[in-house]
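Encoded as structure tokens, the structure appears first; notes follow it.
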Amino acid sequence: MTDSKSKRAIRLKALKAAFPKTLPILAGFLFLGISYGFYMRVSGFSFFFPLCMSIIIFGGSLEFVAVTMLLSPFAPIQTFLMALVIQARHLFYGIAMLDKYKCTGKKKLYLIFGMCDESFSINCSQEIPEGVDKSYFYFFVTLLNHLYWITGATLGSLIGGFIKFDTTGIDFVMTSMFIVIFLENWLKEKRHISSLIGIIASVVCLIAFGKDSFLIPTMACIIILLALFKKPITKGDEAK
Amino acid sequence: MTLTQQIITIGLCALATMLTRFLPFLVFSSDKEPPKFIKYIGKALPGAIFGMLVVYCLKGVSLTSYSYGLPELIGVLSVILIHLWKRKMLLSIASGTVIYMILVQLVF
């Protein structure tokens with residue numbers, strides 16, 4: 001009896017520590033999630049799609065791209081590869097979190113499952129206050145973010161069913177999002193070789209292979225070019 | 001696409017996502033350093049992928065037929081300028097989208 005009571009106290013304490021850290025994500029995920037759900041709905045998908053996708057994929061960029069994939073001809077290999085490269089950054093989040101998620105017991109499976117950019121950045125950077133259970137803190141950060149995203153996506157698709165104004169051009173929300181992400185990354189990096197490789201390789205392959213089949217050659221070119229330009233790209237990093 | 005194909009597409013997206021999230025924990029133990037090339041790709045890849053995704057979003061734009069990519073060009077420039085000015089992610093996305101919607105619905 002006292003055992004379950006103290007367990008509840010530990011959980012409550014962790015939740016109270018985690019919630020304020022996730023507030024910016026609440027705002028961001030509600031906005032992006034609503035845009036995503038709305039976009040899916042006006043693209044002809046019922047609320048069930050964004051609901052399921054936000055639960056099982058839980059990765060904003062890929063879910064936006066998936067709308068375009070679902071509207072294009074069925075291309076399983078391209079879909080899988082595209083999803084892999086969009087999500088490849090998680091590999092490095094995982095490497096960074098190996099230690100922190102080490103002793104989290106049964107919660108570890110869910111922590112890894114829900115390791116989106118935002119959950120990673122909070123769990124990786126935040127100092128956990130003294131006396132707060134670490135694994136529950138990580139758990140609640142991940143869970144709250146997941147719930148915000150599911151709520152936003154579902155809400156957006158439900159709103160999309162009622163609203164009757166002209167939504168032509170709403171798909172630009174995805175373009176804007178990637179421009180902002182690209183720009184933020186550009187402003188952070190010292191050299192822009194990698195960003196430029198991404199743009200140039202995509203444009204060249206788009207012209208050469210056409211809009212329905214340029215992605216796989218682009219991804220191949222990017223990996224090859226990154227390997228070739230390893231020296232100039234890493235130059236200056238070592239000095240620091 | 002049939003419903004089955006849609007389910008497969010979504011399933012593949014989920015599978016690829018989980019692969020990228022679980023793989024490091026399956027492959028590396030926390031006391032072993034990951035290979036150098038993997039670390040390098042990890043640092044260098046995001047910039048290139050974000051660039052690719054921007055191009056991917058704009059892949060349907062036609063420069064040779066009417067509107068000549070102008071609404072997209074103005075939309076892209078607005079997002080960049082608003083973002084450089086305020087550095088508020090959500091503001092840049094929202095205003096860029098609204099500007100683009102106005103352009104394609106009322107101007108072009």
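Residue numbers start at 1 in each chain; chains themselves are named A, B, ... in the order of the structure tokens; ligands are numbered from 1 in the order shown.
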DSSP helix (DSSP H, G or I) selection over segment 92-231 of chain A, as a PDB file with N, CA and C atoms, in the first residue's frame:
ATOM      1  N   PHE A  92      21.586   9.338 -34.860  1.00  0.00           N
ATOM      2  CA  PHE A  92      22.575  10.073 -34.077  1.00  0.00           C
ATOM      3  C   PHE A  92      22.014  10.526 -32.746  1.00  0.00           C
ATOM      4  N   TYR A  93      20.692  10.713 -32.697  1.00  0.00           N
ATOM      5  CA  TYR A  93      20.074  10.972 -31.397  1.00  0.00           C
ATOM      6  C   TYR A  93      20.273   9.745 -30.524  1.00  0.00           C
ATOM      7  N   GLY A  94      20.053   8.590 -31.143  1.00  0.00           N
ATOM      8  CA  GLY A  94      20.191   7.335 -30.400  1.00  0.00           C
ATOM      9  C   GLY A  94      21.587   7.189 -29.824  1.00  0.00           C
ATOM     10  N   ILE A  95      22.586   7.475 -30.682  1.00  0.00           N
ATOM     11  CA  ILE A  95      23.965   7.367 -30.219  1.00  0.00           C
ATOM     12  C   ILE A  95      24.199   8.303 -29.040  1.00  0.00           C
ATOM     13  N   ALA A  96      23.600   9.507 -29.130  1.00  0.00           N
ATOM     14  CA  ALA A  96      23.786  10.480 -28.056  1.00  0.00           C
ATOM     15  C   ALA A  96      23.063  10.065 -26.771  1.00  0.00           C
ATOM     16  N   MET A  97      21.999   9.280 -26.905  1.00  0.00           N
ATOM     17  CA  MET A  97      21.194   8.950 -25.726  1.00  0.00           C
ATOM     18  C   MET A  97      21.518   7.573 -25.143  1.00  0.00           C
ATOM     19  N   LYS A 107      10.645   1.199 -19.416  1.00  0.00           N
ATOM     20  CA  LYS A 107      10.257   2.426 -20.116  1.00  0.00           C
ATOM     21  C   LYS A 107      11.124   2.683 -21.344  1.00  0.00           C
ATOM     22  N   LYS A 108      12.279   2.024 -21.379  1.00  0.00           N
ATOM     23  CA  LYS A 108      13.238   2.270 -22.454  1.00  0.00           C
ATOM     24  C   LYS A 108      12.630   2.070 -23.849  1.00  0.00           C
ATOM     25  N   LEU A 109      11.826   1.023 -23.984  1.00  0.00           N
ATOM     26  CA  LEU A 109      11.214   0.741 -25.292  1.00  0.00           C
ATOM     27  C   LEU A 109      10.394   1.923 -25.773  1.00  0.00           C
ATOM     28  N   TYR A 110       9.585   2.476 -24.864  1.00  0.00           N
ATOM     29  CA  TYR A 110       8.750   3.610 -25.255  1.00  0.00           C
ATOM     30  C   TYR A 110       9.591   4.865 -25.494  1.00  0.00           C
ATOM     31  N   LEU A 111      10.627   5.056 -24.676  1.00  0.00           N
ATOM     32  CA  LEU A 111      11.501   6.228 -24.841  1.00  0.00           C
ATOM     33  C   LEU A 111      12.138   6.225 -26.225  1.00  0.00           C
ATOM     34  N   ILE A 112      12.578   5.058 -26.676  1.00  0.00           N
ATOM     35  CA  ILE A 112      13.209   4.972 -27.999  1.00  0.00           C
ATOM     36  C   ILE A 112      12.151   5.127 -29.093  1.00  0.00           C
ATOM     37  N   PHE A 113      11.011   4.477 -28.892  1.00  0.00           N
ATOM     38  CA  PHE A 113       9.913   4.582 -29.857  1.00  0.00           C
ATOM     39  C   PHE A 113       9.506   6.041 -30.078  1.00  0.00           C
ATOM     40  N   ASP A 117      12.490  14.645 -32.657  1.00  0.00           N
ATOM     41  CA  ASP A 117      13.481  15.719 -32.464  1.00  0.00           C
ATOM     42  C   ASP A 117      13.293  16.446 -31.134  1.00  0.00           C
ATOM     43  N   GLU A 118      12.011  16.755 -30.834  1.00  0.00           N
ATOM     44  CA  GLU A 118      11.737  17.603 -29.680  1.00  0.00           C
ATOM     45  C   GLU A 118      11.973  16.860 -28.365  1.00  0.00           C
ATOM     46  N   SER A 119      11.512  15.605 -28.301  1.00  0.00           N
ATOM     47  CA  SER A 119      11.736  14.823 -27.078  1.00  0.00           C
ATOM     48  C   SER A 119      13.226  14.625 -26.860  1.00  0.00           C
ATOM     49  N   PHE A 120      13.929  14.366 -27.970  1.00  0.00           N
ATOM     50  CA  PHE A 120      15.376  14.207 -27.865  1.00  0.00           C
ATOM     51  C   PHE A 120      16.016  15.474 -27.318  1.00  0.00           C
ATOM     52  N   SER A 121      15.647  16.621 -27.887  1.00  0.00           N
ATOM     53  CA  SER A 121      16.378  17.823 -27.481  1.00  0.00           C
ATOM     54  C   SER A 121      16.119  18.178 -26.019  1.00  0.00           C
ATOM     55  N   ILE A 122      14.903  17.942 -25.528  1.00  0.00           N
ATOM     56  CA  ILE A 122      14.652  18.205 -24.101  1.00  0.00           C
ATOM     57  C   ILE A 122      15.407  17.198 -23.240  1.00  0.00           C
ATOM     58  N   ASN A 123      15.229  15.923 -23.544  1.00  0.00           N
ATOM     59  CA  ASN A 123      15.838  14.886 -22.710  1.00  0.00           C
ATOM     60  C   ASN A 123      17.356  14.905 -22.746  1.00  0.00           C
ATOM     61  N   CYS A 124      17.897  15.412 -23.859  1.00  0.00           N
ATOM     62  CA  CYS A 124      19.343  15.439 -23.982  1.00  0.00           C
ATOM     63  C   CYS A 124      19.935  16.642 -23.254  1.00  0.00           C
ATOM     64  N   SER A 125      19.182  17.745 -23.230  1.00  0.00           N
ATOM     65  CA  SER A 125      19.776  18.998 -22.749  1.00  0.00           C
ATOM     66  C   SER A 125      19.373  19.386 -21.329  1.00  0.00           C
ATOM     67  N   LYS A 134      14.761  10.040 -12.892  1.00  0.00           N
ATOM     68  CA  LYS A 134      15.167  10.333 -14.265  1.00  0.00           C
ATOM     69  C   LYS A 134      14.321   9.618 -15.297  1.00  0.00           C
ATOM     70  N   SER A 135      14.132   8.304 -15.079  1.00  0.00           N
ATOM     71  CA  SER A 135      13.443   7.564 -16.140  1.00  0.00           C
ATOM     72  C   SER A 135      11.995   8.025 -16.266  1.00  0.00           C
ATOM     73  N   TYR A 136      11.347   8.411 -15.143  1.00  0.00           N
ATOM     74  CA  TYR A 136       9.991   8.932 -15.261  1.00  0.00           C
ATOM     75  C   TYR A 136       9.976  10.315 -15.912  1.00  0.00           C
ATOM     76  N   PHE A 137      11.002  11.115 -15.651  1.00  0.00           N
ATOM     77  CA  PHE A 137      11.096  12.427 -16.292  1.00  0.00           C
ATOM     78  C   PHE A 137      11.169  12.256 -17.806  1.00  0.00           C
ATOM     79  N   TYR A 138      12.101  11.423 -18.273  1.00  0.00           N
ATOM     80  CA  TYR A 138      12.211  11.156 -19.716  1.00  0.00           C
ATOM     81  C   TYR A 138      10.893  10.645 -20.278  1.00  0.00           C
ATOM     82  N   PHE A 139      10.286   9.742 -19.512  1.00  0.00           N
ATOM     83  CA  PHE A 139       9.044   9.121 -19.945  1.00  0.00           C
ATOM     84  C   PHE A 139       7.938  10.159 -20.136  1.00  0.00           C
ATOM     85  N   PHE A 140       7.786  11.056 -19.166  1.00  0.00           N
ATOM     86  CA  PHE A 140       6.703  12.033 -19.270  1.00  0.00           C
ATOM     87  C   PHE A 140       6.960  13.068 -20.357  1.00  0.00           C
ATOM     88  N   VAL A 141       8.219  13.465 -20.534  1.00  0.00           N
ATOM     89  CA  VAL A 141       8.533  14.387 -21.633  1.00  0.00           C
ATOM     90  C   VAL A 141       8.097  13.750 -22.957  1.00  0.00           C
ATOM     91  N   THR A 142       8.491  12.494 -23.154  1.00  0.00           N
ATOM     92  CA  THR A 142       8.153  11.793 -24.398  1.00  0.00           C
ATOM     93  C   THR A 142       6.649  11.639 -24.550  1.00  0.00           C
ATOM     94  N   LEU A 143       5.992  11.214 -23.472  1.00  0.00           N
ATOM     95  CA  LEU A 143       4.552  10.970 -23.530  1.00  0.00           C
ATOM     96  C   LEU A 143       3.765  12.256 -23.788  1.00  0.00           C
ATOM     97  N   LEU A 144       4.119  13.330 -23.071  1.00  0.00           N
ATOM     98  CA  LEU A 144       3.394  14.596 -23.262  1.00  0.00           C
ATOM     99  C   LEU A 144       3.539  15.073 -24.703  1.00  0.00           C
ATOM    100  N   ASN A 145       4.776  15.048 -25.218  1.00  0.00           N
ATOM    101  CA  ASN A 145       4.992  15.478 -26.605  1.00  0.00           C
ATOM    102  C   ASN A 145       4.174  14.636 -27.579  1.00  0.00           C
ATOM    103  N   HIS A 146       4.151  13.345 -27.344  1.00  0.00           N
ATOM    104  CA  HIS A 146       3.382  12.431 -28.194  1.00  0.00           C
ATOM    105  C   HIS A 146       1.899  12.818 -28.163  1.00  0.00           C
ATOM    106  N   LEU A 147       1.381  13.078 -26.949  1.00  0.00           N
ATOM    107  CA  LEU A 147      -0.034  13.435 -26.820  1.00  0.00           C
ATOM    108  C   LEU A 147      -0.341  14.762 -27.500  1.00  0.00           C
ATOM    109  N   TYR A 148       0.562  15.743 -27.371  1.00  0.00           N
ATOM    110  CA  TYR A 148       0.343  17.039 -28.035  1.00  0.00           C
ATOM    111  C   TYR A 148       0.216  16.838 -29.535  1.00  0.00           C
ATOM    112  N   TRP A 149       1.108  16.020 -30.076  1.00  0.00           N
ATOM    113  CA  TRP A 149       1.145  15.805 -31.520  1.00  0.00           C
ATOM    114  C   TRP A 149      -0.120  15.092 -32.005  1.00  0.00           C
ATOM    115  N   ILE A 150      -0.531  14.038 -31.261  1.00  0.00           N
ATOM    116  CA  ILE A 150      -1.739  13.299 -31.637  1.00  0.00           C
ATOM    117  C   ILE A 150      -2.951  14.224 -31.571  1.00  0.00           C
ATOM    118  N   THR A 151      -3.034  15.011 -30.477  1.00  0.00           N
ATOM    119  CA  THR A 151      -4.160  15.930 -30.317  1.00  0.00           C
ATOM    120  C   THR A 151      -4.209  16.936 -31.458  1.00  0.00           C
ATOM    121  N   GLY A 152      -3.059  17.542 -31.763  1.00  0.00           N
ATOM    122  CA  GLY A 152      -3.012  18.537 -32.833  1.00  0.00           C
ATOM    123  C   GLY A 152      -3.449  17.941 -34.159  1.00  0.00           C
ATOM    124  N   ALA A 153      -2.884  16.793 -34.501  1.00  0.00           N
ATOM    125  CA  ALA A 153      -3.166  16.184 -35.801  1.00  0.00           C
ATOM    126  C   ALA A 153      -4.646  15.833 -35.938  1.00  0.00           C
ATOM    127  N   THR A 154      -5.210  15.255 -34.863  1.00  0.00           N
ATOM    128  CA  THR A 154      -6.606  14.850 -34.926  1.00  0.00           C
ATOM    129  C   THR A 154      -7.522  16.061 -34.974  1.00  0.00           C
ATOM    130  N   LEU A 155      -7.214  17.043 -34.130  1.00  0.00           N
ATOM    131  CA  LEU A 155      -7.993  18.282 -34.106  1.00  0.00           C
ATOM    132  C   LEU A 155      -7.997  18.938 -35.479  1.00  0.00           C
ATOM    133  N   GLY A 156      -6.826  19.028 -36.075  1.00  0.00           N
ATOM    134  CA  GLY A 156      -6.696  19.664 -37.393  1.00  0.00           C
ATOM    135  C   GLY A 156      -7.555  18.986 -38.436  1.00  0.00           C
ATOM    136  N   SER A 157      -7.566  17.637 -38.404  1.00  0.00           N
ATOM    137  CA  SER A 157      -8.341  16.946 -39.433  1.00  0.00           C
ATOM    138  C   SER A 157      -9.835  17.093 -39.170  1.00  0.00           C
ATOM    139  N   LEU A 158     -10.227  17.188 -37.883  1.00  0.00           N
ATOM    140  CA  LEU A 158     -11.646  17.387 -37.594  1.00  0.00           C
ATOM    141  C   LEU A 158     -12.084  18.787 -38.015  1.00  0.00           C
ATOM    142  N   ILE A 159     -11.234  19.787 -37.711  1.00  0.00           N
ATOM    143  CA  ILE A 159     -11.544  21.161 -38.126  1.00  0.00           C
ATOM    144  C   ILE A 159     -11.637  21.210 -39.657  1.00  0.00           C
ATOM    145  N   GLY A 160     -10.706  20.507 -40.310  1.00  0.00           N
ATOM    146  CA  GLY A 160     -10.678  20.490 -41.773  1.00  0.00           C
ATOM    147  C   GLY A 160     -11.978  20.006 -42.384  1.00  0.00           C
ATOM    148  N   GLY A 161     -12.732  19.168 -41.638  1.00  0.00           N
ATOM    149  CA  GLY A 161     -13.993  18.669 -42.156  1.00  0.00           C
ATOM    150  C   GLY A 161     -15.101  19.709 -42.126  1.00  0.00           C
ATOM    151  N   PHE A 162     -14.975  20.712 -41.229  1.00  0.00           N
ATOM    152  CA  PHE A 162     -16.036  21.714 -41.088  1.00  0.00           C
ATOM    153  C   PHE A 162     -15.784  22.951 -41.935  1.00  0.00           C
ATOM    154  N   PHE A 172       1.493  24.638 -49.036  1.00  0.00           N
ATOM    155  CA  PHE A 172       2.737  25.409 -48.888  1.00  0.00           C
ATOM    156  C   PHE A 172       3.206  25.407 -47.424  1.00  0.00           C
ATOM    157  N   VAL A 173       2.355  24.969 -46.516  1.00  0.00           N
ATOM    158  CA  VAL A 173       2.762  24.896 -45.108  1.00  0.00           C
ATOM    159  C   VAL A 173       3.951  23.937 -44.971  1.00  0.00           C
ATOM    160  N   MET A 174       3.947  22.871 -45.767  1.00  0.00           N
ATOM    161  CA  MET A 174       5.061  21.926 -45.699  1.00  0.00           C
ATOM    162  C   MET A 174       6.340  22.550 -46.262  1.00  0.00           C
ATOM    163  N   THR A 175       6.189  23.239 -47.406  1.00  0.00           N
ATOM    164  CA  THR A 175       7.348  23.914 -47.995  1.00  0.00           C
ATOM    165  C   THR A 175       7.929  24.920 -46.997  1.00  0.00           C
ATOM    166  N   SER A 176       7.054  25.736 -46.411  1.00  0.00           N
ATOM    167  CA  SER A 176       7.526  26.750 -45.453  1.00  0.00           C
ATOM    168  C   SER A 176       8.262  26.102 -44.290  1.00  0.00           C
ATOM    169  N   MET A 177       7.700  24.987 -43.809  1.00  0.00           N
ATOM    170  CA  MET A 177       8.324  24.327 -42.661  1.00  0.00           C
ATOM    171  C   MET A 177       9.738  23.866 -43.003  1.00  0.00           C
ATOM    172  N   PHE A 178       9.902  23.252 -44.179  1.00  0.00           N
ATOM    173  CA  PHE A 178      11.232  22.763 -44.532  1.00  0.00           C
ATOM    174  C   PHE A 178      12.190  23.909 -44.840  1.00  0.00           C
ATOM    175  N   ILE A 179      11.681  25.011 -45.400  1.00  0.00           N
ATOM    176  CA  ILE A 179      12.560  26.160 -45.635  1.00  0.00           C
ATOM    177  C   ILE A 179      13.100  26.680 -44.301  1.00  0.00           C
ATOM    178  N   VAL A 180      12.201  26.775 -43.320  1.00  0.00           N
ATOM    179  CA  VAL A 180      12.623  27.281 -42.012  1.00  0.00           C
ATOM    180  C   VAL A 180      13.640  26.337 -41.364  1.00  0.00           C
ATOM    181  N   ILE A 181      13.384  25.028 -41.451  1.00  0.00           N
ATOM    182  CA  ILE A 181      14.323  24.059 -40.867  1.00  0.00           C
ATOM    183  C   ILE A 181      15.680  24.154 -41.576  1.00  0.00           C
ATOM    184  N   PHE A 182      15.622  24.244 -42.914  1.00  0.00           N
ATOM    185  CA  PHE A 182      16.845  24.359 -43.716  1.00  0.00           C
ATOM    186  C   PHE A 182      17.615  25.623 -43.341  1.00  0.00           C
ATOM    187  N   LEU A 183      16.871  26.720 -43.204  1.00  0.00           N
ATOM    188  CA  LEU A 183      17.477  28.013 -42.902  1.00  0.00           C
ATOM    189  C   LEU A 183      18.120  28.015 -41.515  1.00  0.00           C
ATOM    190  N   GLU A 184      17.408  27.443 -40.541  1.00  0.00           N
ATOM    191  CA  GLU A 184      17.945  27.355 -39.181  1.00  0.00           C
ATOM    192  C   GLU A 184      19.249  26.565 -39.180  1.00  0.00           C
ATOM    193  N   ASN A 185      19.249  25.464 -39.927  1.00  0.00           N
ATOM    194  CA  ASN A 185      20.447  24.642 -40.015  1.00  0.00           C
ATOM    195  C   ASN A 185      21.578  25.403 -40.711  1.00  0.00           C
ATOM    196  N   TRP A 186      21.214  26.149 -41.760  1.00  0.00           N
ATOM    197  CA  TRP A 186      22.175  26.959 -42.530  1.00  0.00           C
ATOM    198  C   TRP A 186      22.835  28.000 -41.623  1.00  0.00           C
ATOM    199  N   LEU A 187      22.023  28.639 -40.782  1.00  0.00           N
ATOM    200  CA  LEU A 187      22.550  29.693 -39.911  1.00  0.00           C
ATOM    201  C   LEU A 187      23.452  29.127 -38.826  1.00  0.00           C
ATOM    202  N   LYS A 188      23.226  27.843 -38.491  1.00  0.00           N
ATOM    203  CA  LYS A 188      24.014  27.220 -37.433  1.00  0.00           C
ATOM    204  C   LYS A 188      25.340  26.675 -37.934  1.00  0.00           C
ATOM    205  N   ILE A 193      28.677  23.542 -47.296  1.00  0.00           N
ATOM    206  CA  ILE A 193      28.883  22.567 -48.370  1.00  0.00           C
ATOM    207  C   ILE A 193      27.776  21.515 -48.377  1.00  0.00           C
ATOM    208  N   SER A 194      27.462  20.982 -47.194  1.00  0.00           N
ATOM    209  CA  SER A 194      26.456  19.924 -47.123  1.00  0.00           C
ATOM    210  C   SER A 194      25.091  20.436 -47.602  1.00  0.00           C
ATOM    211  N   SER A 195      24.667  21.605 -47.114  1.00  0.00           N
ATOM    212  CA  SER A 195      23.379  22.161 -47.541  1.00  0.00           C
ATOM    213  C   SER A 195      23.350  22.370 -49.045  1.00  0.00           C
ATOM    214  N   LEU A 196      24.465  22.890 -49.583  1.00  0.00           N
ATOM    215  CA  LEU A 196      24.518  23.151 -51.021  1.00  0.00           C
ATOM    216  C   LEU A 196      24.475  21.849 -51.817  1.00  0.00           C
ATOM    217  N   ILE A 197      25.182  20.820 -51.298  1.00  0.00           N
ATOM    218  CA  ILE A 197      25.135  19.509 -51.955  1.00  0.00           C
ATOM    219  C   ILE A 197      23.684  19.039 -52.050  1.00  0.00           C
ATOM    220  N   GLY A 198      22.942  19.189 -50.944  1.00  0.00           N
ATOM    221  CA  GLY A 198      21.543  18.756 -50.931  1.00  0.00           C
ATOM    222  C   GLY A 198      20.726  19.449 -51.997  1.00  0.00           C
ATOM    223  N   ILE A 199      20.862  20.784 -52.087  1.00  0.00           N
ATOM    224  CA  ILE A 199      20.075  21.553 -53.061  1.00  0.00           C
ATOM    225  C   ILE A 199      20.506  21.202 -54.491  1.00  0.00           C
ATOM    226  N   ILE A 200      21.820  21.254 -54.739  1.00  0.00           N
ATOM    227  CA  ILE A 200      22.304  21.071 -56.114  1.00  0.00           C
ATOM    228  C   ILE A 200      22.023  19.647 -56.611  1.00  0.00           C
ATOM    229  N   ALA A 201      22.344  18.638 -55.771  1.00  0.00           N
ATOM    230  CA  ALA A 201      22.099  17.252 -56.188  1.00  0.00           C
ATOM    231  C   ALA A 201      20.619  17.047 -56.501  1.00  0.00           C
ATOM    232  N   SER A 202      19.715  17.610 -55.665  1.00  0.00           N
ATOM    233  CA  SER A 202      18.283  17.416 -55.903  1.00  0.00           C
ATOM    234  C   SER A 202      17.839  18.074 -57.196  1.00  0.00           C
ATOM    235  N   VAL A 203      18.308  19.322 -57.429  1.00  0.00           N
ATOM    236  CA  VAL A 203      17.873  20.029 -58.636  1.00  0.00           C
ATOM    237  C   VAL A 203      18.383  19.311 -59.885  1.00  0.00           C
ATOM    238  N   VAL A 204      19.665  18.899 -59.861  1.00  0.00           N
ATOM    239  CA  VAL A 204      20.235  18.205 -61.025  1.00  0.00           C
ATOM    240  C   VAL A 204      19.469  16.899 -61.289  1.00  0.00           C
ATOM    241  N   CYS A 205      19.233  16.123 -60.215  1.00  0.00           N
ATOM    242  CA  CYS A 205      18.525  14.853 -60.391  1.00  0.00           C
ATOM    243  C   CYS A 205      17.069  15.079 -60.799  1.00  0.00           C
ATOM    244  N   LEU A 206      16.460  16.148 -60.302  1.00  0.00           N
ATOM    245  CA  LEU A 206      15.079  16.464 -60.683  1.00  0.00           C
ATOM    246  C   LEU A 206      14.989  16.706 -62.181  1.00  0.00           C
ATOM    247  N   ILE A 207      15.957  17.475 -62.707  1.00  0.00           N
ATOM    248  CA  ILE A 207      15.969  17.755 -64.145  1.00  0.00           C
ATOM    249  C   ILE A 207      16.271  16.477 -64.929  1.00  0.00           C
ATOM    250  N   ALA A 208      17.217  15.670 -64.410  1.00  0.00           N
ATOM    251  CA  ALA A 208      17.648  14.487 -65.153  1.00  0.00           C
ATOM    252  C   ALA A 208      16.628  13.352 -65.102  1.00  0.00           C
ATOM    253  N   PHE A 209      15.990  13.131 -63.938  1.00  0.00           N
ATOM    254  CA  PHE A 209      15.151  11.944 -63.785  1.00  0.00           C
ATOM    255  C   PHE A 209      13.656  12.246 -63.729  1.00  0.00           C
ATOM    256  N   LEU A 215      14.148  10.982 -56.387  1.00  0.00           N
ATOM    257  CA  LEU A 215      14.572  10.913 -54.984  1.00  0.00           C
ATOM    258  C   LEU A 215      15.688   9.901 -54.734  1.00  0.00           C
ATOM    259  N   ILE A 216      15.532   8.686 -55.263  1.00  0.00           N
ATOM    260  CA  ILE A 216      16.550   7.658 -54.996  1.00  0.00           C
ATOM    261  C   ILE A 216      17.909   8.073 -55.557  1.00  0.00           C
ATOM    262  N   PRO A 217      17.975   8.526 -56.860  1.00  0.00           N
ATOM    263  CA  PRO A 217      19.285   9.020 -57.338  1.00  0.00           C
ATOM    264  C   PRO A 217      19.822  10.187 -56.498  1.00  0.00           C
ATOM    265  N   THR A 218      18.924  11.063 -56.047  1.00  0.00           N
ATOM    266  CA  THR A 218      19.388  12.189 -55.225  1.00  0.00           C
ATOM    267  C   THR A 218      20.045  11.701 -53.944  1.00  0.00           C
ATOM    268  N   MET A 219      19.383  10.743 -53.272  1.00  0.00           N
ATOM    269  CA  MET A 219      19.936  10.243 -52.010  1.00  0.00           C
ATOM    270  C   MET A 219      21.297   9.592 -52.243  1.00  0.00           C
ATOM    271  N   ALA A 220      21.405   8.834 -53.341  1.00  0.00           N
ATOM    272  CA  ALA A 220      22.682   8.195 -53.659  1.00  0.00           C
ATOM    273  C   ALA A 220      23.756   9.256 -53.900  1.00  0.00           C
ATOM    274  N   CYS A 221      23.416  10.281 -54.704  1.00  0.00           N
ATOM    275  CA  CYS A 221      24.381  11.356 -54.980  1.00  0.00           C
ATOM    276  C   CYS A 221      24.822  12.039 -53.691  1.00  0.00           C
ATOM    277  N   ILE A 222      23.870  12.291 -52.796  1.00  0.00           N
ATOM    278  CA  ILE A 222      24.195  13.004 -51.549  1.00  0.00           C
ATOM    279  C   ILE A 222      25.225  12.218 -50.741  1.00  0.00           C
ATOM    280  N   ILE A 223      24.976  10.908 -50.592  1.00  0.00           N
ATOM    281  CA  ILE A 223      25.901  10.088 -49.803  1.00  0.00           C
ATOM    282  C   ILE A 223      27.291  10.075 -50.459  1.00  0.00           C
ATOM    283  N   ILE A 224      27.317   9.888 -51.792  1.00  0.00           N
ATOM    284  CA  ILE A 224      28.610   9.851 -52.498  1.00  0.00           C
ATOM    285  C   ILE A 224      29.336  11.191 -52.358  1.00  0.00           C
ATOM    286  N   LEU A 225      28.605  12.284 -52.583  1.00  0.00           N
ATOM    287  CA  LEU A 225      29.239  13.605 -52.504  1.00  0.00           C
ATOM    288  C   LEU A 225      29.732  13.914 -51.088  1.00  0.00           C
ATOM    289  N   LEU A 226      28.942  13.519 -50.090  1.00  0.00           N
ATOM    290  CA  LEU A 226      29.375  13.756 -48.706  1.00  0.00           C
ATOM    291  C   LEU A 226      30.655  12.989 -48.415  1.00  0.00           C
ATOM    292  N   ALA A 227      30.746  11.760 -48.955  1.00  0.00           N
ATOM    293  CA  ALA A 227      31.959  10.967 -48.753  1.00  0.00           C
ATOM    294  C   ALA A 227      33.142  11.622 -49.465  1.00  0.00           C
ATOM    295  N   LEU A 228      32.917  12.126 -50.697  1.00  0.00           N
ATOM    296  CA  LEU A 228      33.995  12.760 -51.460  1.00  0.00           C
ATOM    297  C   LEU A 228      34.470  14.061 -50.817  1.00  0.00           C
ATOM    298  N   LYS A 230      34.426  14.932 -47.703  1.00  0.00           N
ATOM    299  CA  LYS A 230      34.594  14.790 -46.255  1.00  0.00           C
ATOM    300  C   LYS A 230      35.624  15.784 -45.712  1.00  0.00           C
ATOM    301  N   LYS A 231      36.756  15.912 -46.434  1.00  0.00           N
ATOM    302  CA  LYS A 231      37.831  16.798 -45.953  1.00  0.00           C
ATOM    303  C   LYS A 231      37.377  18.246 -45.816  1.00  0.00           C
TER     304      LYS A 231
END
*Can you list, as JSON, numbers by chain, every protein, DNA or RNA residue that comes within 10 Å of segment 90-106 of chain B when you count only C-alpha atoms, leaving out same-chain residues fewer than 2 positions away?*
{"A": [27, 28, 31, 32, 35, 166, 167, 168, 169, 170, 171, 172, 173, 174, 175, 176, 177, 178, 179, 180], "B": [67, 70, 71, 72, 73, 74, 75, 76, 77, 78, 79, 80, 81, 82, 83, 84, 85, 86, 87, 88, 108]}
*Determine, counting only C-alpha atoms, which protein, DNA and RNA residues have an atom within 9 Å of an atom of segment 2-16 of chain B; residues of the same chain fewer than 3 positions away are not included. Present the result as a PyMOL selection string.*
(chain A and resi 53+56-58+62-63+66+69-70+74-77+79-85+87-88) or (chain B and resi 19-21)
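The nearest approach to chain A among the residues B:Val27, B:Gly51, B:Val61, B:Val107, with only C-alpha atoms taken into account, belongs to B:Gly51.
Between chain A and the candidates B:Tyr66, B:Ala48, B:Leu23, B:Ile38, the tightest atom-to-atom separation, counting only C-alpha atoms, involves B:Ala48.
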_Using only C-alpha atoms, which protein or nucleic acid residues come within 12 Å of Thr234 of chain A? Drop anything in the same chain fewer than 3 positions from it, and give the result as a list in words._
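Everything that qualifies: Glu189, Lys190, Arg191, His192, Ile193, Ser194, Leu226, Ala227, Leu228, Phe229, Lys230, Lys231, Asp237, Glu238, Ala239 and Lys240 of chain A; Lys36, Phe37, Lys39, Tyr40, Ile41, Gly42, Lys43 and Ala44 of chain B.
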*asked:* Which residue is closest to chain B? Choose from A:Glu127, A:Asp212, A:Asp133, A:Asp3 and count only C-alpha atoms.
replied: A:Asp212
*Nearest to chain A: which of B:Tyr68, B:Leu63, B:Pro35, B:Leu58 is it, counting only C-alpha atoms?*
B:Leu58
